[in-house]
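**Q** I have a structure here, written as structure tokens, and I will follow up with some questions on it.
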Amino acid sequence: MADRPDSAAGQGSNKPSLSLHVPEPHYRPGDAVDFSHVDSGEAGREPRPDEACDPAEMRDLAYGLIRVLGDDDLAHGAWDPKLDADTLRTMLKNMAVTRAFDERMFRGQRQGKTSFYMKCTGEEATSISASMALASDDMVFPSYRQQGILLSRGYPMIEMINQIYSNRGDKLKGRQLPIMYSSREHSFFTISGNLATQTPQAVGWAMASAIKGDSRIAATWVGEGSTAEGDFHAACTFAAVYNAPVILNVVNNQWAISSFSGFAGGERTTFAARGLGHGIAALRVDGNDALACYAAERWAANRARANAGPTLIEFFTYRAEGHSTSDDPSGYRSAQEREEWPLGDPVMRLKRHLIALGEWDEERQEEMDREAAEMVRATTKEAEANGILGHGLHHPFRTMFEDVFEELPWHLKEQAEQAVKEREIKFPEGLPK
Ligand SMILES: Cc1ncc(C[n+]2csc(CCOP(=O)(O)OP(=O)(O)O)c2C)c(N)n1
Ligand SMILES: [Mg+2]
């Protein structure tokens, strides 16, 4: 018989019994919230290393917090991207449009026009400001909360609504969950609900771009919860090994549906620090600071373009609203969290910055918000003419069998005929209204 450790599991041993740590969020519904443990640091504090810097020489940036916008609403320090006022106003407008779009689509779900929607409230800078720092043909591999990229890249809003309604105008023919857009023309890779799969795909695309001698880089966005997936770590390994021209953006909004970031390892170290173990340059950034988000993404893009290596960026932010229309966060977290969150709101902070520069005022902000809401309203009306959920104006049923094979194989032909027949039997008078 093989040797067994002396009564390792037995009672009466004087060895301490083993135990596990199960993470618990700081606050539950009804709890008073105090974020004083969050070290948000000072704007302008962090150094900005050379873009070709060895990751080992910039370790501290994975544990600090890059901030540009100070409490005085002015830009500070080496990370100030020094954007002109027109670019800042465009950024603010992209945020206003995204917020108005989110509001309208959320209401549309409550009105039964779609089955599902996801807002990005409070996280707008992590997609809009970051993607504005990329070239328009750099390939992006987003998750489901980066609608701001498409809107910033000029993707027609009506196409987004058609997709959300799965109507006859939906270019994806109702085959994707609402909000899982795709646009080759906008270098926007098809969103997948299988979390983190986009990360190795982005690295693979970046490697292919380098193999072909192209100059376009890739960027991916992944939630902090999703970094617990094996795919994310495989992506980091490939990115580091081959020095792939890629940016791995981790949006740490602190929640993964009802699980807090502790379940993805957030209690142990920062998400940016995941990069260091792989030898990847890592930056930890105030995700509610539009200028810091832009500056970090630009740094990483310049690095990738110069063949100096991949970058992992953690955007530290807060998911201000529910995970999706299927979620009710009041069941698992304190409502006070949003009010107490120390890094503020990205839209308000950028607005106040422009006002502090003398380049904006409250009247213009109100007018811009009004125009954004009106534009979304009008576009929604236009899309509704193509149909909404349950009104039967979707792509014909049989189209779900199309577009995969050049010629439909016999067994799929049989299945398609059978499916259509079953529908006729079930709804002899046509589909119910
Ligand atoms: C592989 C996989 N596992 C689980 C899910 C279910 N799921 C959908 S969203 C989500 C939370 C993801 O949280 P995070 O990555 O932090 O992104 P966030 O929603 O905060 O933007 C989970 C667990 C999924 N879609 N795919
Ligand atoms: Mg999250």
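Just so we're on the same page: first chain in the structure tokens is A, next is B, and so on; residues restart at 1 for each chain, and ligands are numbered from 1 in the order they show up.
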Step by step, measure atom-to-atom distances between ligand 2 and each residue using only C-alpha atoms and all ligand atoms, keep those at most 6 Å, then write them as an mmCIF file with all heavy atoms, in the first residue's frame.
**A**
```cif
data_model
loop_
_atom_site.group_PDB
_atom_site.id
_atom_site.type_symbol
_atom_site.label_atom_id
_atom_site.label_comp_id
_atom_site.auth_asym_id
_atom_site.auth_seq_id
_atom_site.Cartn_x
_atom_site.Cartn_y
_atom_site.Cartn_z
ATOM 1 N N GLY A 223 -14.602 42.241 -20.288
ATOM 2 C CA GLY A 223 -14.977 42.611 -18.928
ATOM 3 C C GLY A 223 -14.035 41.979 -17.913
ATOM 4 O O GLY A 223 -13.411 40.949 -18.192
ATOM 5 N N GLU A 224 -13.924 42.586 -16.724
ATOM 6 C CA GLU A 224 -13.009 42.033 -15.709
ATOM 7 C C GLU A 224 -13.447 40.629 -15.301
ATOM 8 O O GLU A 224 -12.602 39.758 -15.075
ATOM 9 C CB GLU A 224 -12.908 42.976 -14.491
ATOM 10 C CG GLU A 224 -13.886 42.739 -13.338
ATOM 11 C CD GLU A 224 -15.330 43.018 -13.707
ATOM 12 O OE1 GLU A 224 -15.578 43.756 -14.672
ATOM 13 O OE2 GLU A 224 -16.233 42.487 -13.028
ATOM 14 N N GLY A 225 -14.764 40.397 -15.256
ATOM 15 C CA GLY A 225 -15.243 39.058 -14.895
ATOM 16 C C GLY A 225 -14.784 38.031 -15.915
ATOM 17 O O GLY A 225 -14.359 36.921 -15.569
ATOM 18 N N ASN A 252 -12.786 47.065 -16.150
ATOM 19 C CA ASN A 252 -13.099 46.633 -14.785
ATOM 20 C C ASN A 252 -14.196 47.545 -14.222
ATOM 21 O O ASN A 252 -13.921 48.563 -13.605
ATOM 22 C CB ASN A 252 -11.841 46.694 -13.914
ATOM 23 C CG ASN A 252 -12.158 46.353 -12.457
ATOM 24 O OD1 ASN A 252 -13.259 45.908 -12.139
ATOM 25 N ND2 ASN A 252 -11.199 46.561 -11.576
ATOM 26 N N ASN A 253 -15.444 47.114 -14.479
ATOM 27 C CA ASN A 253 -16.573 47.897 -13.947
ATOM 28 C C ASN A 253 -17.028 47.305 -12.612
ATOM 29 O O ASN A 253 -18.088 47.631 -12.096
ATOM 30 C CB ASN A 253 -17.721 47.961 -14.955
ATOM 31 C CG ASN A 253 -18.299 46.586 -15.259
ATOM 32 O OD1 ASN A 253 -17.967 45.598 -14.615
ATOM 33 N ND2 ASN A 253 -19.181 46.524 -16.236
ATOM 34 N N GLN A 254 -16.235 46.392 -12.097
ATOM 35 C CA GLN A 254 -16.381 45.808 -10.761
ATOM 36 C C GLN A 254 -17.505 44.800 -10.586
ATOM 37 O O GLN A 254 -17.637 44.200 -9.521
ATOM 38 C CB GLN A 254 -16.490 46.899 -9.704
ATOM 39 C CG GLN A 254 -15.289 47.826 -9.750
ATOM 40 C CD GLN A 254 -15.395 48.941 -8.754
ATOM 41 O OE1 GLN A 254 -15.465 48.689 -7.559
ATOM 42 N NE2 GLN A 254 -15.429 50.153 -9.233
ATOM 43 N N TRP A 255 -18.298 44.603 -11.607
ATOM 44 C CA TRP A 255 -19.377 43.622 -11.506
ATOM 45 C C TRP A 255 -19.469 42.758 -12.749
ATOM 46 O O TRP A 255 -19.241 43.247 -13.859
ATOM 47 C CB TRP A 255 -20.732 44.322 -11.264
ATOM 48 C CG TRP A 255 -20.806 44.891 -9.878
ATOM 49 C CD1 TRP A 255 -20.446 46.163 -9.517
ATOM 50 C CD2 TRP A 255 -21.188 44.210 -8.677
ATOM 51 N NE1 TRP A 255 -20.601 46.310 -8.152
ATOM 52 C CE2 TRP A 255 -21.064 45.137 -7.613
ATOM 53 C CE3 TRP A 255 -21.634 42.919 -8.388
ATOM 54 C CZ2 TRP A 255 -21.355 44.804 -6.286
ATOM 55 C CZ3 TRP A 255 -21.938 42.591 -7.080
ATOM 56 C CH2 TRP A 255 -21.792 43.514 -6.045
ATOM 57 N N ALA A 256 -19.798 41.487 -12.547
ATOM 58 C CA ALA A 256 -20.083 40.554 -13.625
ATOM 59 C C ALA A 256 -21.481 39.997 -13.320
ATOM 60 O O ALA A 256 -21.604 39.064 -12.531
ATOM 61 C CB ALA A 256 -19.050 39.427 -13.660
#
```
**Q** As number ranges by chain, please: all residues of range 178-271 of chain A that backbone DSSP puts in strand (DSSP E).
**A** A: 218-223, 246-252, 255-256, 259-260
**Q** Around ligand 1, which protein and nucleic acid residues have at least one atom no more than 9 Å from it, if we count only C-alpha atoms and all ligand atoms? List them as a PyMOL selection string.
**A** chain A and resi 118+120+143-146+192-197+222-229+250-261+264+318-319+323-324
**Q** To test your reading of the structure, identify every residue in range 39-244 of chain A that backbone DSSP assigns to helix (DSSP H, G or I), and report it as a ChimeraX atom specification.
**A** /A:55-62,85-110,124-132,147-152,157-165,184-186,198-211,225-228,230-241
**Q** Could you give me, as a Markdown table, a per-residue list for range 215-332 of chain A showing, wherever an atom lies at most 12 Å from an atom of range 352-366 of chain A, the closest pair of atoms and their distance in Å to one decimal, using only C-alpha atoms and sorting by chain then residue number from low to high?
**A**
```
| residue | atom | partner | partner_atom | distance |
| --- | --- | --- | --- | --- |
| A:Asp289 | CA | A:His353 | CA | 10.4 |
| A:Ala290 | CA | A:His353 | CA | 10.0 |
| A:Leu291 | CA | A:His353 | CA | 9.9 |
```
**Q** Output C-alpha atoms of each residue in that selection to a file, as a short mmCIF file (atom, residue, chain, number, x, y, z; two decimals), in the first residue's frame.
**A**
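Writing done, so here's result.cif:
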```
data_model
loop_
_atom_site.label_atom_id
_atom_site.label_comp_id
_atom_site.auth_asym_id
_atom_site.auth_seq_id
_atom_site.Cartn_x
_atom_site.Cartn_y
_atom_site.Cartn_z
CA ASP A 289 -11.47 60.08 -17.20
CA ALA A 290 -11.95 60.54 -20.94
CA LEU A 291 -8.51 62.10 -21.42
#
```
**Q** Select from range 286-341 of chain A every residue with an atom at most 6 Å from any atom of range 239-245 of chain A, then for each give the shortest pair of atoms and their distance in Å to one decimal, using only C-alpha atoms, rows by chain and rising number, as JSON lines.
**A**
```
{"residue": "A:Ala304", "atom": "CA", "partner": "A:Pro245", "partner_atom": "CA", "distance": 4.3}
{"residue": "A:Gly309", "atom": "CA", "partner": "A:Asn243", "partner_atom": "CA", "distance": 4.7}
{"residue": "A:Pro310", "atom": "CA", "partner": "A:Pro245", "partner_atom": "CA", "distance": 5.5}
```
**Q** Can you tell me how far CA of Glu407 in chain A sits from CA of Gly430 in chain A, in Å to one decimal?
**A**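 The value is 28.7 Å.
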**Q** Any idea what's packed within 12 Å of Asp369 in chain A, counting only C-alpha atoms, ignoring anything in its chain fewer than 5 positions away? Could you give it as a list of chain:residue names?
**A** A:Leu92, A:Lys93, A:Asn94, A:Met95, A:Ala96, A:Val97, A:Thr98, A:Arg99, A:Ala100, A:Phe101, A:Glu103, A:Val347, A:Lys351, A:Glu362, A:Glu363, A:Arg364, A:Glu374, A:Met375, A:Val376
**Q** Using only N, CA and C atoms, please write the residues we just selected to a file, as a compact mmCIF listing (two decimals), in the first residue's frame.
**A**
```txt
# COMPACT_ATOMS: atom_id res chain seq x y z
N LEU A 92 -17.40 64.34 -26.59
CA LEU A 92 -18.55 64.60 -25.73
C LEU A 92 -19.85 64.28 -26.47
N LYS A 93 -19.89 64.63 -27.75
CA LYS A 93 -21.10 64.37 -28.54
C LYS A 93 -21.30 62.85 -28.72
N ASN A 94 -20.21 62.13 -29.01
CA ASN A 94 -20.33 60.68 -29.13
C ASN A 94 -20.89 60.07 -27.85
N MET A 95 -20.48 60.63 -26.72
CA MET A 95 -20.98 60.14 -25.44
C MET A 95 -22.46 60.47 -25.27
N ALA A 96 -22.83 61.70 -25.66
CA ALA A 96 -24.23 62.12 -25.52
C ALA A 96 -25.14 61.24 -26.38
N VAL A 97 -24.69 60.96 -27.60
CA VAL A 97 -25.49 60.14 -28.51
C VAL A 97 -25.61 58.72 -27.96
N THR A 98 -24.51 58.19 -27.45
CA THR A 98 -24.53 56.83 -26.90
C THR A 98 -25.47 56.75 -25.70
N ARG A 99 -25.44 57.77 -24.85
CA ARG A 99 -26.30 57.75 -23.67
C ARG A 99 -27.78 57.86 -24.07
N ALA A 100 -28.05 58.73 -25.04
CA ALA A 100 -29.43 58.88 -25.51
C ALA A 100 -29.91 57.58 -26.16
N PHE A 101 -29.02 56.96 -26.91
CA PHE A 101 -29.35 55.68 -27.56
C PHE A 101 -29.66 54.61 -26.51
N GLU A 103 -30.70 55.02 -23.46
CA GLU A 103 -31.96 55.32 -22.78
C GLU A 103 -33.14 54.84 -23.61
N VAL A 347 -19.07 61.51 -18.55
CA VAL A 347 -19.65 62.55 -19.40
C VAL A 347 -19.60 63.90 -18.67
N LYS A 351 -17.50 67.23 -19.77
CA LYS A 351 -18.26 68.48 -19.95
C LYS A 351 -17.63 69.58 -19.09
N GLU A 362 -23.29 75.34 -20.32
CA GLU A 362 -24.45 74.51 -19.98
C GLU A 362 -25.53 74.58 -21.07
N GLU A 363 -25.69 75.75 -21.67
CA GLU A 363 -26.73 75.90 -22.71
C GLU A 363 -26.41 75.01 -23.91
N ARG A 364 -25.14 75.05 -24.32
CA ARG A 364 -24.76 74.21 -25.47
C ARG A 364 -24.90 72.72 -25.12
N GLU A 374 -33.46 63.70 -29.85
CA GLU A 374 -34.36 63.85 -30.99
C GLU A 374 -33.89 62.98 -32.16
N MET A 375 -32.58 62.96 -32.38
CA MET A 375 -32.04 62.16 -33.48
C MET A 375 -32.31 60.67 -33.22
N VAL A 376 -32.13 60.24 -31.97
CA VAL A 376 -32.38 58.83 -31.64
C VAL A 376 -33.87 58.52 -31.80
```
**Q** Taking into account only C-alpha atoms, which residue in the set A:Gly262, A:Gly154, A:Gly279, A:Pro200 is nearest to Glu57 in chain A?
**A**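 Closest to Glu57 in chain A of all the choices is A:Gly279.
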**Q** Neighbouring residues of range 180-189 of chain A were defined as those with any atom within 6 Å, considering only C-alpha atoms; residues of the same chain fewer than 2 positions away were excluded. Please report them as a JSON list (two decimals) with N, CA and C atoms, in the first residue's frame.
**A**
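Everything below was put into selection-v8.json:
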```
[["chain", "number", "residue", "atom", "x", "y", "z"],
["A", 137, "ASP", "N", -9.41, 52.22, -39.23],
["A", 137, "ASP", "CA", -9.38, 50.87, -39.79],
["A", 137, "ASP", "C", -8.60, 49.88, -38.92],
["A", 139, "MET", "N", -8.55, 47.08, -36.32],
["A", 139, "MET", "CA", -9.62, 46.10, -36.13],
["A", 139, "MET", "C", -9.98, 45.98, -34.65],
["A", 140, "VAL", "N", -11.25, 46.15, -34.35],
["A", 140, "VAL", "CA", -11.66, 46.04, -32.95],
["A", 140, "VAL", "C", -12.47, 44.76, -32.72],
["A", 141, "PHE", "N", -12.20, 44.13, -31.58],
["A", 141, "PHE", "CA", -12.89, 42.91, -31.15],
["A", 141, "PHE", "C", -13.54, 43.21, -29.81],
["A", 176, "GLN", "N", -28.45, 36.86, -34.50],
["A", 176, "GLN", "CA", -27.66, 37.21, -33.33],
["A", 176, "GLN", "C", -28.58, 37.75, -32.24],
["A", 177, "LEU", "N", -28.18, 37.55, -31.00],
["A", 177, "LEU", "CA", -28.89, 38.18, -29.88],
["A", 177, "LEU", "C", -28.88, 39.69, -30.10],
["A", 178, "PRO", "N", -30.00, 40.39, -29.76],
["A", 178, "PRO", "CA", -29.97, 41.85, -29.89],
["A", 178, "PRO", "C", -28.72, 42.44, -29.24],
["A", 191, "ILE", "N", -19.76, 40.55, -32.50],
["A", 191, "ILE", "CA", -19.78, 40.32, -31.05],
["A", 191, "ILE", "C", -20.29, 38.91, -30.77]]
```
**Q** Hey, what's within 7 Å of range 280-282 of chain A if we count only C-alpha atoms and toss same-chain stuff fewer than 6 positions away? As a list in words, please?
**A**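 Result of the neighbour search: Pro55, Leu61, Ala62, Ala240, Ala272, Ala273, Pro310, Thr311, Leu312 and Ile313 of chain A.
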**Q** Keeping only N, CA and C atoms, write the selected residues as a short mmCIF file (atom, residue, chain, number, x, y, z; two decimals), in the first residue's frame.
**A**
```cif
data_model
loop_
_atom_site.label_atom_id
_atom_site.label_comp_id
_atom_site.auth_asym_id
_atom_site.auth_seq_id
_atom_site.Cartn_x
_atom_site.Cartn_y
_atom_site.Cartn_z
N PRO A 55 8.42 46.18 -20.28
CA PRO A 55 7.34 46.06 -19.28
C PRO A 55 7.85 46.02 -17.84
N LEU A 61 3.00 51.05 -12.98
CA LEU A 61 1.81 51.55 -13.67
C LEU A 61 0.67 50.53 -13.68
N ALA A 62 0.99 49.29 -13.35
CA ALA A 62 -0.06 48.26 -13.27
C ALA A 62 -0.78 48.32 -11.92
N ALA A 240 2.16 37.83 -25.92
CA ALA A 240 3.50 38.05 -25.39
C ALA A 240 4.55 37.29 -26.21
N ALA A 272 -4.73 44.87 -14.26
CA ALA A 272 -3.59 45.27 -15.09
C ALA A 272 -2.40 44.34 -14.82
N ALA A 273 -2.27 43.95 -13.55
CA ALA A 273 -1.12 43.11 -13.18
C ALA A 273 -1.13 41.75 -13.87
N PRO A 310 2.63 44.17 -27.28
CA PRO A 310 1.24 44.34 -26.87
C PRO A 310 1.14 45.12 -25.55
N THR A 311 -0.06 45.59 -25.24
CA THR A 311 -0.32 46.28 -23.97
C THR A 311 -1.62 45.76 -23.39
N LEU A 312 -1.63 45.59 -22.09
CA LEU A 312 -2.88 45.29 -21.39
C LEU A 312 -3.26 46.55 -20.61
N ILE A 313 -4.46 47.06 -20.88
CA ILE A 313 -4.93 48.25 -20.17
C ILE A 313 -6.12 47.86 -19.29
#
```
**Q** Taking 5 positions as the minimum chain separation for residues in the same chain, which residues sit within 10 Å of Ala75 in chain A when counting only C-alpha atoms? Answer as a VMD selection string.
**A** chain A and resid 43 to 44 67 to 70 80 to 82 291 to 292 353 357
